[in-house]
file query24.txt (compact mmCIF, N, CA and C atoms)
# COMPACT_ATOMS: atom_id res chain seq x y z
N MET A 1 11.16 -5.70 1.55
CA MET A 1 10.06 -4.75 1.49
C MET A 1 9.21 -4.96 2.73
N PRO A 2 9.15 -3.98 3.59
CA PRO A 2 8.38 -4.12 4.84
C PRO A 2 6.87 -4.20 4.61
N ILE A 3 6.26 -5.09 5.35
CA ILE A 3 4.80 -5.17 5.38
C ILE A 3 4.34 -4.12 6.38
N ILE A 4 3.48 -3.19 5.93
CA ILE A 4 3.02 -2.14 6.83
C ILE A 4 1.61 -2.40 7.35
N SER A 5 0.90 -3.34 6.70
CA SER A 5 -0.42 -3.74 7.20
C SER A 5 -0.79 -5.08 6.58
N MET A 6 -1.70 -5.78 7.24
CA MET A 6 -2.16 -7.07 6.74
C MET A 6 -3.58 -7.31 7.22
N PHE A 7 -4.46 -7.70 6.31
CA PHE A 7 -5.85 -7.99 6.67
C PHE A 7 -6.46 -8.90 5.60
N TYR A 8 -7.28 -9.84 6.04
CA TYR A 8 -7.99 -10.77 5.16
C TYR A 8 -7.08 -11.43 4.13
N GLY A 9 -5.87 -11.73 4.53
CA GLY A 9 -4.91 -12.38 3.62
C GLY A 9 -4.23 -11.44 2.66
N ILE A 10 -4.49 -10.15 2.77
CA ILE A 10 -3.89 -9.13 1.90
C ILE A 10 -2.72 -8.50 2.64
N GLN A 11 -1.59 -8.41 1.96
CA GLN A 11 -0.41 -7.74 2.52
C GLN A 11 -0.26 -6.38 1.85
N ILE A 12 -0.01 -5.35 2.66
CA ILE A 12 0.27 -4.02 2.15
C ILE A 12 1.73 -3.75 2.45
N LEU A 13 2.49 -3.41 1.41
CA LEU A 13 3.94 -3.27 1.53
C LEU A 13 4.40 -1.96 0.92
N MET A 14 5.60 -1.54 1.32
CA MET A 14 6.21 -0.34 0.76
C MET A 14 7.72 -0.56 0.70
N TYR A 15 8.32 -0.23 -0.45
CA TYR A 15 9.78 -0.31 -0.61
C TYR A 15 10.43 0.95 -0.06
N TYR A 16 11.68 0.82 0.38
CA TYR A 16 12.41 1.98 0.90
C TYR A 16 12.86 2.93 -0.19
N ASP A 17 13.39 2.43 -1.27
CA ASP A 17 13.94 3.32 -2.30
C ASP A 17 13.17 3.12 -3.60
N ASP A 18 11.86 3.26 -3.52
CA ASP A 18 11.00 3.00 -4.67
C ASP A 18 10.87 4.25 -5.54
N HIS A 19 10.38 4.06 -6.73
CA HIS A 19 10.22 5.14 -7.72
C HIS A 19 8.95 5.95 -7.44
N ASN A 20 8.89 7.14 -7.99
CA ASN A 20 7.68 7.95 -7.94
C ASN A 20 6.70 7.45 -8.98
N PRO A 21 5.45 7.72 -8.86
CA PRO A 21 4.76 8.52 -7.86
C PRO A 21 4.62 7.74 -6.55
N PRO A 22 4.34 8.44 -5.46
CA PRO A 22 4.14 7.76 -4.17
C PRO A 22 3.05 6.69 -4.29
N HIS A 23 3.39 5.49 -3.85
CA HIS A 23 2.47 4.37 -4.01
C HIS A 23 2.77 3.30 -2.96
N PHE A 24 1.89 2.30 -2.91
CA PHE A 24 2.13 1.13 -2.08
C PHE A 24 1.82 -0.11 -2.90
N HIS A 25 2.26 -1.24 -2.40
CA HIS A 25 2.05 -2.52 -3.06
C HIS A 25 1.03 -3.32 -2.26
N ALA A 26 0.14 -3.97 -2.95
CA ALA A 26 -0.83 -4.87 -2.31
C ALA A 26 -0.64 -6.26 -2.93
N LYS A 27 -0.56 -7.27 -2.07
CA LYS A 27 -0.42 -8.66 -2.52
C LYS A 27 -1.53 -9.50 -1.91
N TYR A 28 -2.11 -10.34 -2.74
CA TYR A 28 -3.12 -11.28 -2.28
C TYR A 28 -2.93 -12.57 -3.07
N ASN A 29 -2.47 -13.62 -2.39
CA ASN A 29 -2.10 -14.88 -3.05
C ASN A 29 -1.11 -14.58 -4.17
N GLN A 30 -1.42 -14.96 -5.40
CA GLN A 30 -0.49 -14.75 -6.51
C GLN A 30 -0.71 -13.39 -7.19
N TYR A 31 -1.64 -12.60 -6.73
CA TYR A 31 -1.98 -11.32 -7.33
C TYR A 31 -1.20 -10.18 -6.67
N LYS A 32 -0.83 -9.18 -7.49
CA LYS A 32 -0.09 -8.03 -6.98
C LYS A 32 -0.61 -6.78 -7.68
N SER A 33 -0.63 -5.68 -6.95
CA SER A 33 -1.00 -4.38 -7.51
C SER A 33 -0.14 -3.29 -6.92
N LEU A 34 0.08 -2.28 -7.72
CA LEU A 34 0.76 -1.06 -7.30
C LEU A 34 -0.32 0.02 -7.30
N ILE A 35 -0.51 0.72 -6.18
CA ILE A 35 -1.61 1.68 -6.06
C ILE A 35 -1.05 3.04 -5.65
N ARG A 36 -1.37 4.05 -6.46
CA ARG A 36 -0.92 5.42 -6.19
C ARG A 36 -1.66 5.95 -4.97
N ILE A 37 -0.95 6.61 -4.08
CA ILE A 37 -1.54 7.08 -2.82
C ILE A 37 -2.46 8.28 -3.05
N SER A 38 -2.09 9.19 -3.92
CA SER A 38 -2.83 10.45 -4.06
C SER A 38 -4.29 10.26 -4.47
N ASP A 39 -4.55 9.36 -5.39
CA ASP A 39 -5.93 9.18 -5.88
C ASP A 39 -6.39 7.72 -5.86
N LEU A 40 -5.56 6.85 -5.29
CA LEU A 40 -5.84 5.41 -5.17
C LEU A 40 -6.10 4.75 -6.52
N ALA A 41 -5.41 5.22 -7.54
CA ALA A 41 -5.50 4.59 -8.86
C ALA A 41 -4.54 3.40 -8.91
N VAL A 42 -4.97 2.34 -9.56
CA VAL A 42 -4.11 1.17 -9.76
C VAL A 42 -3.14 1.52 -10.89
N ILE A 43 -1.86 1.53 -10.58
CA ILE A 43 -0.81 1.87 -11.54
C ILE A 43 -0.43 0.65 -12.36
N ASN A 44 -0.38 -0.51 -11.69
CA ASN A 44 0.11 -1.72 -12.34
C ASN A 44 -0.46 -2.93 -11.62
N GLY A 45 -0.61 -4.02 -12.33
CA GLY A 45 -1.05 -5.27 -11.73
C GLY A 45 -2.55 -5.34 -11.56
N ASN A 46 -2.98 -6.37 -10.85
CA ASN A 46 -4.41 -6.53 -10.59
C ASN A 46 -4.63 -7.40 -9.37
N LEU A 47 -5.75 -7.18 -8.75
CA LEU A 47 -6.22 -7.98 -7.62
C LEU A 47 -7.64 -8.42 -7.95
N PRO A 48 -8.10 -9.52 -7.39
CA PRO A 48 -9.50 -9.88 -7.56
C PRO A 48 -10.39 -8.73 -7.06
N PRO A 49 -11.55 -8.52 -7.67
CA PRO A 49 -12.40 -7.38 -7.31
C PRO A 49 -12.69 -7.24 -5.82
N LYS A 50 -12.98 -8.32 -5.13
CA LYS A 50 -13.28 -8.22 -3.70
C LYS A 50 -12.06 -7.75 -2.91
N ALA A 51 -10.89 -8.30 -3.22
CA ALA A 51 -9.66 -7.90 -2.54
C ALA A 51 -9.33 -6.45 -2.85
N LEU A 52 -9.49 -6.04 -4.11
CA LEU A 52 -9.22 -4.65 -4.48
C LEU A 52 -10.16 -3.71 -3.73
N GLY A 53 -11.42 -4.07 -3.61
CA GLY A 53 -12.37 -3.25 -2.86
C GLY A 53 -11.95 -3.08 -1.41
N LEU A 54 -11.48 -4.15 -0.79
CA LEU A 54 -11.01 -4.07 0.60
C LEU A 54 -9.79 -3.17 0.72
N VAL A 55 -8.87 -3.30 -0.24
CA VAL A 55 -7.66 -2.46 -0.23
C VAL A 55 -8.05 -0.99 -0.40
N MET A 56 -8.97 -0.70 -1.30
CA MET A 56 -9.38 0.69 -1.52
C MET A 56 -10.09 1.27 -0.30
N GLU A 57 -10.92 0.47 0.33
CA GLU A 57 -11.60 0.93 1.55
C GLU A 57 -10.56 1.24 2.63
N TRP A 58 -9.60 0.33 2.82
CA TRP A 58 -8.56 0.52 3.82
C TRP A 58 -7.72 1.76 3.50
N ALA A 59 -7.28 1.87 2.24
CA ALA A 59 -6.39 2.97 1.85
C ALA A 59 -7.08 4.32 1.99
N SER A 60 -8.36 4.38 1.70
CA SER A 60 -9.07 5.65 1.81
C SER A 60 -9.14 6.12 3.26
N GLN A 61 -9.05 5.19 4.19
CA GLN A 61 -9.07 5.52 5.62
C GLN A 61 -7.68 5.88 6.15
N HIS A 62 -6.63 5.58 5.38
CA HIS A 62 -5.26 5.73 5.89
C HIS A 62 -4.34 6.48 4.94
N THR A 63 -4.90 7.37 4.13
CA THR A 63 -4.10 8.11 3.15
C THR A 63 -2.97 8.90 3.79
N SER A 64 -3.25 9.59 4.88
CA SER A 64 -2.20 10.41 5.51
C SER A 64 -1.09 9.53 6.09
N GLU A 65 -1.45 8.39 6.65
CA GLU A 65 -0.44 7.48 7.19
C GLU A 65 0.41 6.87 6.07
N LEU A 66 -0.22 6.57 4.94
CA LEU A 66 0.52 6.05 3.78
C LEU A 66 1.50 7.11 3.27
N THR A 67 1.03 8.36 3.20
CA THR A 67 1.90 9.45 2.76
C THR A 67 3.07 9.63 3.72
N ASP A 68 2.80 9.59 5.01
CA ASP A 68 3.88 9.70 6.00
C ASP A 68 4.90 8.58 5.83
N ASN A 69 4.41 7.35 5.65
CA ASN A 69 5.32 6.22 5.46
C ASN A 69 6.14 6.39 4.19
N TRP A 70 5.51 6.88 3.11
CA TRP A 70 6.23 7.10 1.85
C TRP A 70 7.37 8.09 2.09
N ASN A 71 7.07 9.20 2.76
CA ASN A 71 8.09 10.21 3.04
C ASN A 71 9.18 9.65 3.94
N ASN A 72 8.82 8.87 4.93
CA ASN A 72 9.81 8.22 5.79
C ASN A 72 10.71 7.30 4.98
N ALA A 73 10.11 6.51 4.10
CA ALA A 73 10.88 5.57 3.29
C ALA A 73 11.87 6.32 2.40
N ARG A 74 11.43 7.39 1.79
CA ARG A 74 12.29 8.17 0.89
C ARG A 74 13.45 8.83 1.64
N ASN A 75 13.26 9.09 2.92
CA ASN A 75 14.30 9.73 3.73
C ASN A 75 15.08 8.74 4.58
N GLY A 76 14.87 7.44 4.33
CA GLY A 76 15.60 6.42 5.09
C GLY A 76 15.11 6.23 6.51
N GLY A 77 13.89 6.69 6.78
CA GLY A 77 13.33 6.57 8.13
C GLY A 77 12.63 5.25 8.36
N ILE A 78 11.96 5.18 9.46
CA ILE A 78 11.25 3.96 9.85
C ILE A 78 9.84 3.96 9.29
N LEU A 79 9.44 2.81 8.75
CA LEU A 79 8.06 2.66 8.30
C LEU A 79 7.22 2.15 9.47
N HIS A 80 6.09 2.75 9.67
CA HIS A 80 5.22 2.40 10.78
C HIS A 80 4.09 1.50 10.32
N SER A 81 3.71 0.58 11.18
CA SER A 81 2.55 -0.28 10.89
C SER A 81 1.30 0.58 10.86
N ILE A 82 0.37 0.18 9.99
CA ILE A 82 -0.90 0.88 9.88
C ILE A 82 -2.01 -0.10 10.26
N GLU A 83 -2.94 0.37 11.06
CA GLU A 83 -4.07 -0.43 11.53
C GLU A 83 -4.74 -1.19 10.37
N PRO A 84 -4.99 -2.47 10.52
CA PRO A 84 -5.67 -3.21 9.46
C PRO A 84 -7.15 -2.83 9.34
N LEU A 85 -7.76 -3.32 8.30
CA LEU A 85 -9.19 -3.05 8.07
C LEU A 85 -10.03 -3.82 9.06

call {"tool": "encode", "arguments": {"input": "query24.txt", "output": "structure tokens"}}
result
Amino acid sequence: MPIISMFYGIQILMYYDDHNPPHFHAKYNQYKSLIRISDLAVINGNLPPKALGLVMEWASQHTSELTDNWNNARNGGILHSIEPL
């Protein structure tokens, strides 16, 4: 699973052949979350509140890039790095 961004110890990842709805994975230490791109809702898992806040701030600034990466992944294309927070 490629890491598409990293900041403050948080890894943002996306699988190539992942299930719908379009989402990304966030990892921080032993914590993991799945976050839907369209409305930034947490689908599964949990992160500490401060880490989740940073992820939400970052994701709100990069929604179109996340969507592009999701579409690239679904079509077997290249995932691009996204600027960290």

call {"tool": "closest_atom_pairs", "arguments": {"input": "query24.txt", "of": "stretch 7-29 of chain A", "to": "stretch 44-53 of chain A", "cutoff": "8 Å", "atoms": "all atoms listed in the file", "output": "tab-separated table"}}
result
residue	atom	partner	partner_atom	distance
A:Tyr8	C	A:Ala51	CA	8.0
A:Ile10	CA	A:Ala51	CA	7.4
A:Ala26	C	A:Leu47	CA	7.5
A:Lys27	C	A:Leu47	CA	7.5
A:Tyr28	N	A:Leu47	CA	6.8

call {"tool": "atom_distance", "arguments": {"input": "query24.txt", "atom1": "atom C of A:Asn20", "atom2": "atom N of A:Ser5"}}
result
19.9 Å

call {"tool": "atom_distance", "arguments": {"input": "query24.txt", "atom1": "atom C of A:Gln30", "atom2": "atom C of A:Tyr15"}}
result
19.5 Å

call {"tool": "axis_aligned_box", "arguments": {"input": "query24.txt", "around": "stretch 7-10 of chain A", "padding_each_side": "6 Å", "output": "lines of an AutoDock Vina configuration file"}}
result
center_x = -5.4
center_y = -10.0
center_z = 4.3
size_x = 17.3
size_y = 16.7
size_z = 16.8

call {"tool": "residues_near_point", "arguments": {"input": "query24.txt", "point": "(-7.4, 2.3, -4.1)", "cutoff": "6.5 Å", "atoms": "only N, CA and C atoms", "output": "MDAnalysis selection string"}}
result
chainID A and resid 35 39:42 55:57 59:60

call {"tool": "write_last_selection", "arguments": {"input": "query24.txt", "atoms": "N, CA and C atoms", "output": "compact mmCIF listing (two decimals), in the frame of the given file"}}
result
# COMPACT_ATOMS: atom_id res chain seq x y z
N ILE A 35 -0.51 0.72 -6.18
CA ILE A 35 -1.61 1.68 -6.06
C ILE A 35 -1.05 3.04 -5.65
N ASP A 39 -4.55 9.36 -5.39
CA ASP A 39 -5.93 9.18 -5.88
C ASP A 39 -6.39 7.72 -5.86
N LEU A 40 -5.56 6.85 -5.29
CA LEU A 40 -5.84 5.41 -5.17
C LEU A 40 -6.10 4.75 -6.52
N ALA A 41 -5.41 5.22 -7.54
CA ALA A 41 -5.50 4.59 -8.86
C ALA A 41 -4.54 3.40 -8.91
N VAL A 42 -4.97 2.34 -9.56
CA VAL A 42 -4.11 1.17 -9.76
C VAL A 42 -3.14 1.52 -10.89
N VAL A 55 -8.87 -3.30 -0.24
CA VAL A 55 -7.66 -2.46 -0.23
C VAL A 55 -8.05 -0.99 -0.40
N MET A 56 -8.97 -0.70 -1.30
CA MET A 56 -9.38 0.69 -1.52
C MET A 56 -10.09 1.27 -0.30
N GLU A 57 -10.92 0.47 0.33
CA GLU A 57 -11.60 0.93 1.55
C GLU A 57 -10.56 1.24 2.63
N ALA A 59 -7.28 1.87 2.24
CA ALA A 59 -6.39 2.97 1.85
C ALA A 59 -7.08 4.32 1.99
N SER A 60 -8.36 4.38 1.70
CA SER A 60 -9.07 5.65 1.81
C SER A 60 -9.14 6.12 3.26

call {"tool": "closest_residue", "arguments": {"input": "query24.txt", "among": "A:Tyr31, A:Trp58, A:Tyr16, A:Phe24", "to": "A:Asn72", "atoms": "only N, CA and C atoms"}}
result
A:Tyr16

call {"tool": "select_by_dssp", "arguments": {"input": "query24.txt", "residues": "chain A", "states": "strand (DSSP E)", "output": "NGL selection string"}}
result
:A and (3-7 or 10-13 or 23-28 or 31-36 or 42-46)

call {"tool": "closest_residue", "arguments": {"input": "query24.txt", "among": "A:Leu54, A:Pro22, A:Leu79, A:Gln61", "to": "A:Pro2", "atoms": "all atoms listed in the file"}}
result
A:Leu79

call {"tool": "closest_residue", "arguments": {"input": "query24.txt", "among": "A:Ile43, A:Ile4, A:Leu13, A:Ile82", "to": "A:His62", "atoms": "only C-alpha atoms"}}
result
A:Ile82

call {"tool": "atom_distance", "arguments": {"input": "query24.txt", "atom1": "atom CA of A:Asn71", "atom2": "atom CA of A:Gly9"}}
result
26.1 Å

call {"tool": "select_by_dssp", "arguments": {"input": "query24.txt", "residues": "chain A", "states": "alpha helix (DSSP H)", "output": "PyMOL selection string"}}
result
chain A and resi 49-61+63-74

call {"tool": "write_last_selection", "arguments": {"input": "query24.txt", "atoms": "N, CA and C atoms", "output": "short mmCIF file (atom, residue, chain, number, x, y, z; two decimals), keeping the file's coordinate frame"}}
result
data_model
loop_
_atom_site.label_atom_id
_atom_site.label_comp_id
_atom_site.auth_asym_id
_atom_site.auth_seq_id
_atom_site.Cartn_x
_atom_site.Cartn_y
_atom_site.Cartn_z
N PRO A 49 -11.55 -8.52 -7.67
CA PRO A 49 -12.40 -7.38 -7.31
C PRO A 49 -12.69 -7.24 -5.82
N LYS A 50 -12.98 -8.32 -5.13
CA LYS A 50 -13.28 -8.22 -3.70
C LYS A 50 -12.06 -7.75 -2.91
N ALA A 51 -10.89 -8.30 -3.22
CA ALA A 51 -9.66 -7.90 -2.54
C ALA A 51 -9.33 -6.45 -2.85
N LEU A 52 -9.49 -6.04 -4.11
CA LEU A 52 -9.22 -4.65 -4.48
C LEU A 52 -10.16 -3.71 -3.73
N GLY A 53 -11.42 -4.07 -3.61
CA GLY A 53 -12.37 -3.25 -2.86
C GLY A 53 -11.95 -3.08 -1.41
N LEU A 54 -11.48 -4.15 -0.79
CA LEU A 54 -11.01 -4.07 0.60
C LEU A 54 -9.79 -3.17 0.72
N VAL A 55 -8.87 -3.30 -0.24
CA VAL A 55 -7.66 -2.46 -0.23
C VAL A 55 -8.05 -0.99 -0.40
N MET A 56 -8.97 -0.70 -1.30
CA MET A 56 -9.38 0.69 -1.52
C MET A 56 -10.09 1.27 -0.30
N GLU A 57 -10.92 0.47 0.33
CA GLU A 57 -11.60 0.93 1.55
C GLU A 57 -10.56 1.24 2.63
N TRP A 58 -9.60 0.33 2.82
CA TRP A 58 -8.56 0.52 3.82
C TRP A 58 -7.72 1.76 3.50
N ALA A 59 -7.28 1.87 2.24
CA ALA A 59 -6.39 2.97 1.85
C ALA A 59 -7.08 4.32 1.99
N SER A 60 -8.36 4.38 1.70
CA SER A 60 -9.07 5.65 1.81
C SER A 60 -9.14 6.12 3.26
N GLN A 61 -9.05 5.19 4.19
CA GLN A 61 -9.07 5.52 5.62
C GLN A 61 -7.68 5.88 6.15
N THR A 63 -4.90 7.37 4.13
CA THR A 63 -4.10 8.11 3.15
C THR A 63 -2.97 8.90 3.79
N SER A 64 -3.25 9.59 4.88
CA SER A 64 -2.20 10.41 5.51
C SER A 64 -1.09 9.53 6.09
N GLU A 65 -1.45 8.39 6.65
CA GLU A 65 -0.44 7.48 7.19
C GLU A 65 0.41 6.87 6.07
N LEU A 66 -0.22 6.57 4.94
CA LEU A 66 0.52 6.05 3.78
C LEU A 66 1.50 7.11 3.27
N THR A 67 1.03 8.36 3.20
CA THR A 67 1.90 9.45 2.76
C THR A 67 3.07 9.63 3.72
N ASP A 68 2.80 9.59 5.01
CA ASP A 68 3.88 9.70 6.00
C ASP A 68 4.90 8.58 5.83
N ASN A 69 4.41 7.35 5.65
CA ASN A 69 5.32 6.22 5.46
C ASN A 69 6.14 6.39 4.19
N TRP A 70 5.51 6.88 3.11
CA TRP A 70 6.23 7.10 1.85
C TRP A 70 7.37 8.09 2.09
N ASN A 71 7.07 9.20 2.76
CA ASN A 71 8.09 10.21 3.04
C ASN A 71 9.18 9.65 3.94
N ASN A 72 8.82 8.87 4.93
CA ASN A 72 9.81 8.22 5.79
C ASN A 72 10.71 7.30 4.98
N ALA A 73 10.11 6.51 4.10
CA ALA A 73 10.88 5.57 3.29
C ALA A 73 11.87 6.32 2.40
N ARG A 74 11.43 7.39 1.79
CA ARG A 74 12.29 8.17 0.89
C ARG A 74 13.45 8.83 1.64
#

call {"tool": "closest_residue", "arguments": {"input": "query24.txt", "among": "A:Met6, A:Arg74, A:Ser64, A:Leu85", "to": "A:Pro21", "atoms": "only C-alpha atoms"}}
result
A:Arg74
